[in-house]
file final-v8.cif (mmCIF, C-alpha atoms)
data_entry
#
loop_
_atom_site.label_atom_id
_atom_site.label_comp_id
_atom_site.auth_asym_id
_atom_site.auth_seq_id
_atom_site.Cartn_x
_atom_site.Cartn_y
_atom_site.Cartn_z
CA MET A 1 115.44 52.70 120.20
CA LYS A 2 114.50 56.02 118.61
CA ARG A 3 115.72 59.15 120.39
CA CYS A 4 113.20 61.95 120.72
CA CYS A 5 110.70 61.85 117.83
CA GLU A 6 112.98 60.94 114.97
CA GLY A 7 111.32 58.93 112.25
CA VAL A 8 107.75 59.31 113.47
CA GLY A 9 106.84 62.38 111.46
CA LEU A 10 106.72 64.72 114.48
CA PRO A 11 108.89 67.72 115.20
CA CYS A 12 111.56 67.08 117.79
CA LEU A 13 110.19 69.15 120.66
CA PHE A 14 113.01 68.19 122.99
CA LYS A 15 115.84 69.41 120.82
CA GLY A 16 118.37 71.29 122.88
CA VAL A 17 117.20 70.01 126.26
CA GLY A 18 120.09 70.23 128.69
CA MET A 19 121.71 73.08 126.79
CA ALA A 20 120.00 75.89 128.71
CA ALA A 21 121.88 77.53 131.54
CA PRO A 22 120.76 76.43 135.01
CA ARG A 23 118.27 78.73 136.67
CA PRO A 24 120.05 81.16 139.02
CA PRO A 25 119.31 80.90 142.75
CA ARG A 26 116.41 82.92 144.10
CA TYR A 27 117.93 83.91 147.44
CA LEU A 28 121.27 85.16 148.74
CA LEU A 29 122.26 83.94 152.19
CA VAL A 30 125.10 85.80 153.92
CA PHE A 31 126.87 84.29 156.92
CA ASP A 32 129.22 85.73 159.48
CA PHE A 33 131.74 83.26 160.95
CA ASP A 34 132.85 83.97 164.54
CA GLU A 35 130.07 83.34 167.08
CA THR A 36 127.66 82.75 164.20
CA ILE A 37 128.76 79.65 162.27
CA ILE A 38 131.08 78.71 165.12
CA ASN A 39 130.28 79.08 168.82
CA GLU A 40 133.51 80.91 169.66
CA ASN A 41 135.64 83.81 168.48
CA SER A 42 138.33 82.00 166.49
CA ASP A 43 140.90 84.71 167.26
CA ASP A 44 140.46 83.87 170.95
CA SER A 45 140.41 80.12 170.20
CA ILE A 46 143.86 80.02 168.61
CA VAL A 47 145.43 81.20 171.86
CA ARG A 48 144.96 77.55 172.94
CA ALA A 49 147.95 76.83 170.67
CA ALA A 50 150.16 79.34 172.52
CA PRO A 51 152.54 78.29 175.33
CA GLY A 52 150.47 77.97 178.49
CA GLN A 53 147.37 78.65 176.35
CA ALA A 54 147.66 82.35 177.20
CA LEU A 55 149.09 85.59 175.84
CA PRO A 56 151.53 87.70 177.86
CA GLU A 57 150.23 90.95 179.29
CA HIS A 58 152.50 93.11 177.10
CA ILE A 59 150.79 91.70 173.99
CA ARG A 60 147.26 91.98 175.36
CA GLN A 61 147.84 95.62 176.34
CA THR A 62 148.48 96.57 172.70
CA PHE A 63 144.81 96.07 171.72
CA ARG A 64 143.09 99.22 170.44
CA GLU A 65 139.40 99.52 169.53
CA GLY A 66 138.93 99.52 165.76
CA SER A 67 142.42 98.08 165.13
CA TYR A 68 141.79 94.42 165.87
CA ASN A 69 143.42 93.19 162.67
CA GLU A 70 146.69 94.90 163.61
CA TYR A 71 146.44 93.47 167.13
CA MET A 72 146.03 89.95 165.71
CA GLN A 73 149.09 90.48 163.51
CA ARG A 74 151.08 91.06 166.73
CA VAL A 75 149.48 88.01 168.39
CA LEU A 76 150.41 85.78 165.45
CA ALA A 77 153.97 87.18 165.34
CA TYR A 78 154.35 86.36 169.05
CA MET A 79 153.01 82.84 168.51
CA GLY A 80 155.41 82.36 165.61
CA ASP A 81 158.28 83.48 167.84
CA GLN A 82 157.16 80.83 170.33
CA GLY A 83 157.43 78.12 167.67
CA VAL A 84 153.70 77.61 166.97
CA LYS A 85 153.45 76.04 163.49
CA MET A 86 150.73 75.27 160.96
CA GLY A 87 149.77 71.92 162.49
CA ALA A 88 149.00 73.47 165.87
CA PHE A 89 146.85 76.22 164.37
CA LYS A 90 145.05 73.71 162.14
CA ALA A 91 144.27 71.42 165.09
CA VAL A 92 142.67 74.30 167.01
CA TYR A 93 140.61 75.56 164.05
CA GLU A 94 139.37 72.04 163.30
CA SER A 95 138.25 71.54 166.91
CA ILE A 96 136.13 74.71 167.23
CA PRO A 97 132.48 73.71 167.76
CA LEU A 98 129.72 74.92 165.47
CA SER A 99 126.99 77.05 167.03
CA PRO A 100 123.84 75.27 168.27
CA GLY A 101 121.67 74.10 165.38
CA MET A 102 124.20 75.12 162.70
CA PRO A 103 124.60 71.56 161.32
CA ASP A 104 120.79 71.43 160.95
CA LEU A 105 120.79 74.69 159.00
CA PHE A 106 123.65 73.57 156.77
CA GLN A 107 121.93 70.26 156.05
CA PHE A 108 118.72 72.11 155.14
CA LEU A 109 120.67 74.38 152.79
CA SER A 110 122.40 71.37 151.21
CA LYS A 111 119.00 69.90 150.37
CA HIS A 112 117.86 73.18 148.77
CA HIS A 113 121.17 74.30 147.29
CA GLU A 114 119.56 75.23 143.96
CA LEU A 115 117.52 77.99 145.66
CA PHE A 116 120.21 79.60 147.81
CA GLU A 117 123.48 81.25 146.90
CA ILE A 118 125.61 81.29 150.04
CA ILE A 119 128.53 83.55 150.87
CA LEU A 120 130.53 84.20 154.02
CA ILE A 121 131.86 87.60 155.12
CA SER A 122 134.14 87.48 158.14
CA ASP A 123 136.76 89.57 159.93
CA ALA A 124 138.61 86.38 160.93
CA ASN A 125 141.07 84.94 158.39
CA MET A 126 140.93 82.69 155.33
CA PHE A 127 143.15 79.90 156.66
CA GLY A 128 141.13 79.45 159.85
CA ILE A 129 137.76 79.57 158.12
CA GLU A 130 138.79 77.04 155.50
CA CYS A 131 140.19 74.65 158.14
CA THR A 132 137.01 74.82 160.23
CA LEU A 133 134.52 74.45 157.36
CA LYS A 134 136.44 71.64 155.67
CA ALA A 135 136.69 69.72 158.96
CA ALA A 136 132.94 70.17 159.52
CA GLY A 137 132.19 69.04 155.96
CA PHE A 138 130.40 72.21 154.82
CA TYR A 139 133.07 74.13 152.91
CA SER A 140 131.50 73.37 149.50
CA LEU A 141 128.24 75.10 150.47
CA PHE A 142 129.83 78.53 150.03
CA ARG A 143 130.10 80.18 146.63
CA LYS A 144 132.53 82.76 147.98
CA ILE A 145 134.32 83.56 151.23
CA PHE A 146 135.43 87.09 152.00
CA SER A 147 137.93 87.37 154.84
CA ASN A 148 141.32 88.76 155.77
CA PRO A 149 144.18 87.18 153.80
CA SER A 150 146.41 84.81 155.78
CA SER A 151 149.28 82.53 154.88
CA PHE A 152 152.41 80.93 156.29
CA ASP A 153 155.67 82.68 155.48
CA LYS A 154 159.05 81.02 154.92
CA ARG A 155 159.66 81.00 158.69
CA GLY A 156 156.44 79.03 159.20
CA TYR A 157 154.70 81.98 160.88
CA LEU A 158 150.97 82.48 160.24
CA THR A 159 150.70 86.00 158.83
CA LEU A 160 147.61 88.18 158.51
CA GLY A 161 146.72 91.21 156.43
CA PRO A 162 143.76 93.60 156.10
CA TYR A 163 140.98 92.70 153.65
CA HIS A 164 140.66 96.18 152.09
CA SER A 165 140.43 99.87 152.88
CA HIS A 166 137.18 101.85 153.06
CA LYS A 167 135.62 105.09 154.25
CA CYS A 168 132.94 103.72 156.60
CA LEU A 169 133.20 105.36 160.02
CA ASP A 170 131.32 102.57 161.78
CA CYS A 171 133.60 99.64 160.91
CA PRO A 172 137.17 98.60 161.73
CA ALA A 173 139.80 99.97 159.33
CA ASN A 174 140.46 96.62 157.64
CA MET A 175 136.91 95.60 156.74
CA CYS A 176 133.47 97.06 156.05
CA LYS A 177 131.03 94.25 155.44
CA ARG A 178 128.50 96.69 153.97
CA LYS A 179 130.98 97.59 151.22
CA ILE A 180 131.70 93.92 150.50
CA LEU A 181 128.00 92.99 150.31
CA THR A 182 127.07 96.02 148.20
CA GLU A 183 129.87 95.31 145.73
CA TYR A 184 128.95 91.63 145.58
CA LEU A 185 125.30 92.37 144.78
CA ALA A 186 126.37 94.83 142.08
CA GLU A 187 128.77 92.27 140.59
CA ARG A 188 126.07 89.58 140.51
CA ALA A 189 123.58 92.03 138.97
CA GLN A 190 126.09 92.67 136.15
CA GLU A 191 126.13 88.90 135.65
CA GLU A 192 122.31 89.06 135.41
CA VAL A 193 121.74 87.39 138.77
CA GLU A 194 119.15 89.31 140.79
CA PHE A 195 118.02 87.91 144.14
CA GLU A 196 114.41 88.05 145.30
CA ARG A 197 115.54 88.33 148.90
CA VAL A 198 118.72 88.59 150.95
CA PHE A 199 119.11 86.83 154.30
CA TYR A 200 121.87 87.93 156.68
CA ILE A 201 122.94 85.77 159.64
CA GLY A 202 125.33 87.35 162.12
CA ASP A 203 126.03 88.43 165.67
CA GLY A 204 128.44 91.36 165.87
CA ALA A 205 128.45 95.12 165.54
CA ASN A 206 130.20 94.76 162.19
CA ASP A 207 127.20 92.67 161.02
CA PHE A 208 124.81 95.49 161.85
CA CYS A 209 126.40 97.78 159.26
CA PRO A 210 125.55 95.58 156.22
CA SER A 211 122.20 94.46 157.62
CA ALA A 212 121.11 98.11 157.93
CA THR A 213 121.23 98.32 154.11
CA LEU A 214 118.76 95.45 153.63
CA THR A 215 115.32 96.19 152.19
CA ALA A 216 111.83 95.39 153.44
CA ALA A 217 111.90 92.17 151.39
CA ASP A 218 114.97 90.91 153.24
CA VAL A 219 115.52 89.23 156.61
CA ALA A 220 118.20 89.86 159.24
CA PHE A 221 118.89 86.99 161.63
CA PRO A 222 120.83 88.44 164.60
CA ARG A 223 122.01 86.04 167.29
CA LYS A 224 119.85 86.75 170.33
CA GLY A 225 121.52 88.88 173.00
CA TYR A 226 124.60 89.69 170.89
CA PRO A 227 125.62 93.18 169.66
CA MET A 228 123.88 92.96 166.27
CA HIS A 229 120.60 92.12 168.02
CA ARG A 230 120.96 94.92 170.56
CA MET A 231 121.78 97.44 167.82
CA THR A 232 118.69 96.52 165.77
CA GLN A 233 116.57 96.96 168.90
CA GLU A 234 118.16 100.34 169.66
CA MET A 235 117.60 101.57 166.11
CA GLU A 236 113.96 100.50 166.22
CA LYS A 237 113.48 102.48 169.44
CA LYS A 238 115.25 105.61 168.19
CA GLN A 239 114.07 105.54 164.56
CA PRO A 240 111.04 103.24 164.14
CA GLY A 241 110.98 101.78 160.64
CA ALA A 242 114.52 102.89 159.75
CA PHE A 243 115.75 99.30 159.91
CA GLN A 244 113.77 97.96 156.97
CA ALA A 245 114.47 94.23 157.01
CA THR A 246 112.41 91.77 159.02
CA VAL A 247 114.34 90.89 162.19
CA VAL A 248 114.31 87.26 163.34
CA PRO A 249 116.57 86.69 166.39
CA TRP A 250 117.89 83.17 166.97
CA GLU A 251 119.47 81.13 169.75
CA SER A 252 119.75 77.96 167.68
CA ALA A 253 120.40 78.07 163.92
CA ALA A 254 117.70 75.39 163.64
CA GLU A 255 115.27 78.30 164.14
CA VAL A 256 116.70 79.91 160.99
CA ALA A 257 116.24 76.61 159.13
CA ARG A 258 112.59 76.44 160.26
CA TYR A 259 111.96 80.03 159.14
CA LEU A 260 113.41 79.32 155.70
CA GLN A 261 111.45 76.05 155.47
CA GLU A 262 108.21 77.95 156.10
CA LEU A 263 109.21 80.50 153.49
CA LEU A 264 109.68 77.78 150.89
CA LYS A 265 106.26 76.33 151.69
CA LYS A 266 104.67 79.68 150.83
CA ARG A 267 106.32 79.94 147.43
#
call {"tool": "encode", "arguments": {"input": "final-v8.cif", "output": "structure tokens"}}
result
Amino acid sequence: MKRCCEGVGLPCLFKGVGMAAPRPPRYLLVFDFDETIINENSDDSIVRAAPGQALPEHIRQTFREGSYNEYMQRVLAYMGDQGVKMGAFKAVYESIPLSPGMPDLFQFLSKHHELFEIILISDANMFGIECTLKAAGFYSLFRKIFSNPSSFDKRGYLTLGPYHSHKCLDCPANMCKRKILTEYLAERAQEEVEFERVFYIGDGANDFCPSATLTAADVAFPRKGYPMHRMTQEMEKKQPGAFQATVVPWESAAEVARYLQELLKKR
């Protein structure tokens, strides 16, 4: 058998096929984790591993607005003192249910993985996110996960740290998702990857900050009735047009999948 056009007096038009770099994805899809991918707040969920599945009042009273990461450090230290080990944490994280329709959305994205670059930005922690996504079978969908560092120390305690520092006045001290997203887009642009559109799927107040930087070409998917949704509505009332992205609220992530499916049909 002759390969290509060798020996037939024709130029080999197919020379080098397979050598070109794969075409970069057209769209960036950004996910939050707590109450977006999963149907619970994972920091609340892990209390199920504590003795009596509850925290003592003296721990709960230490919570301060804007300092949640530090509060969770105290919660995890208490749980370590109570003998809660890796296996117990892992069992809880692996049992957290996904939000309604999320498996449908993930399956849709798996089918169209060449079009979407997918990242996750969460104020939870790396260990918990990895446990949950691996158990659900969707960990490999994500190109990158940005979350607070966590690990088990020599005592077997789950420890937590802040993700970074920043100057944003609207976000908790340990994480500004706007800064993370802005830096990621700049990094990808340096690598000559420019996205036609950005899609942001979230629920919380800390998801509003990055979504407010989206352009008119982009889409924000706030979970219906959650803080991110309320904040987009309030901004539209106070400053019509200031929130540039198209806003598509969702109750089931299957609605997000349908929106993206329709978008692909129009390409």
call {"tool": "closest_residue", "arguments": {"input": "final-v8.cif", "among": "A:Val30, A:Glu40, A:Lys111, A:Pro227", "to": "Pro210 in chain A", "atoms": "only C-alpha atoms"}}
result
A:Val30
call {"tool": "resolve_selection", "arguments": {"input": "final-v8.cif", "expression": "the PyMOL selection byres ((chain A and resi 243-249) around 6)", "output": "PDB file with C-alpha atoms, in the frame of the given file"}}
result
ATOM      1  CA  ALA A 212     121.110  98.110 157.930  1.00  0.00           C
ATOM      2  CA  LEU A 214     118.760  95.450 153.630  1.00  0.00           C
ATOM      3  CA  THR A 215     115.320  96.190 152.190  1.00  0.00           C
ATOM      4  CA  ALA A 216     111.830  95.390 153.440  1.00  0.00           C
ATOM      5  CA  ASP A 218     114.970  90.910 153.240  1.00  0.00           C
ATOM      6  CA  VAL A 219     115.520  89.230 156.610  1.00  0.00           C
ATOM      7  CA  ALA A 220     118.200  89.860 159.240  1.00  0.00           C
ATOM      8  CA  PHE A 221     118.890  86.990 161.630  1.00  0.00           C
ATOM      9  CA  PRO A 222     120.830  88.440 164.600  1.00  0.00           C
ATOM     10  CA  ARG A 223     122.010  86.040 167.290  1.00  0.00           C
ATOM     11  CA  LYS A 224     119.850  86.750 170.330  1.00  0.00           C
ATOM     12  CA  GLY A 241     110.980 101.780 160.640  1.00  0.00           C
ATOM     13  CA  ALA A 242     114.520 102.890 159.750  1.00  0.00           C
ATOM     14  CA  TRP A 250     117.890  83.170 166.970  1.00  0.00           C
TER      15      TRP A 250
END
call {"tool": "resolve_selection", "arguments": {"input": "final-v8.cif", "expression": "the PyMOL selection byres ((chain A and resi 174-180) around 9)", "output": "PyMOL selection string"}}
result
chain A and resi 66-70+121-123+146-148+161-168+170-173+181-185+206-213
call {"tool": "atom_distance", "arguments": {"input": "final-v8.cif", "atom1": "CA of Leu55 in chain A", "atom2": "CA of Leu133 in chain A"}}
result
26.0 Å
call {"tool": "resolve_selection", "arguments": {"input": "final-v8.cif", "expression": "the PyMOL selection byres ((chain A and resi 264) around 12)", "output": "list in words"}}
result
Arg26, Tyr27, Phe108, Leu109, His112, Leu115, Phe116, Ala257, Arg258, Tyr259, Leu260, Gln261, Glu262, Leu263, Lys265, Lys266 and Arg267 of chain A
call {"tool": "atom_distance", "arguments": {"input": "final-v8.cif", "atom1": "CA of Lys90 in chain A", "atom2": "CA of Thr132 in chain A"}}
result
8.3 Å
call {"tool": "residues_around", "arguments": {"input": "final-v8.cif", "residues": "Asp153 in chain A", "least_positions_apart": "2", "cutoff": "12 Å", "atoms": "only C-alpha atoms", "output": "PyMOL selection string"}}
result
chain A and resi 76-77+80+85-86+150-151+155-160
call {"tool": "write_last_selection", "arguments": {"input": "final-v8.cif", "atoms": "C-alpha atoms", "output": "PDB file, keeping the file's coordinate frame"}}
result
ATOM      1  CA  LEU A  76     150.410  85.780 165.450  1.00  0.00           C
ATOM      2  CA  ALA A  77     153.970  87.180 165.340  1.00  0.00           C
ATOM      3  CA  GLY A  80     155.410  82.360 165.610  1.00  0.00           C
ATOM      4  CA  LYS A  85     153.450  76.040 163.490  1.00  0.00           C
ATOM      5  CA  MET A  86     150.730  75.270 160.960  1.00  0.00           C
ATOM      6  CA  SER A 150     146.410  84.810 155.780  1.00  0.00           C
ATOM      7  CA  SER A 151     149.280  82.530 154.880  1.00  0.00           C
ATOM      8  CA  ARG A 155     159.660  81.000 158.690  1.00  0.00           C
ATOM      9  CA  GLY A 156     156.440  79.030 159.200  1.00  0.00           C
ATOM     10  CA  TYR A 157     154.700  81.980 160.880  1.00  0.00           C
ATOM     11  CA  LEU A 158     150.970  82.480 160.240  1.00  0.00           C
ATOM     12  CA  THR A 159     150.700  86.000 158.830  1.00  0.00           C
ATOM     13  CA  LEU A 160     147.610  88.180 158.510  1.00  0.00           C
TER      14      LEU A 160
END
call {"tool": "atom_distance", "arguments": {"input": "final-v8.cif", "atom1": "CA of Asp32 in chain A", "atom2": "CA of Tyr78 in chain A"}}
result
26.9 Å
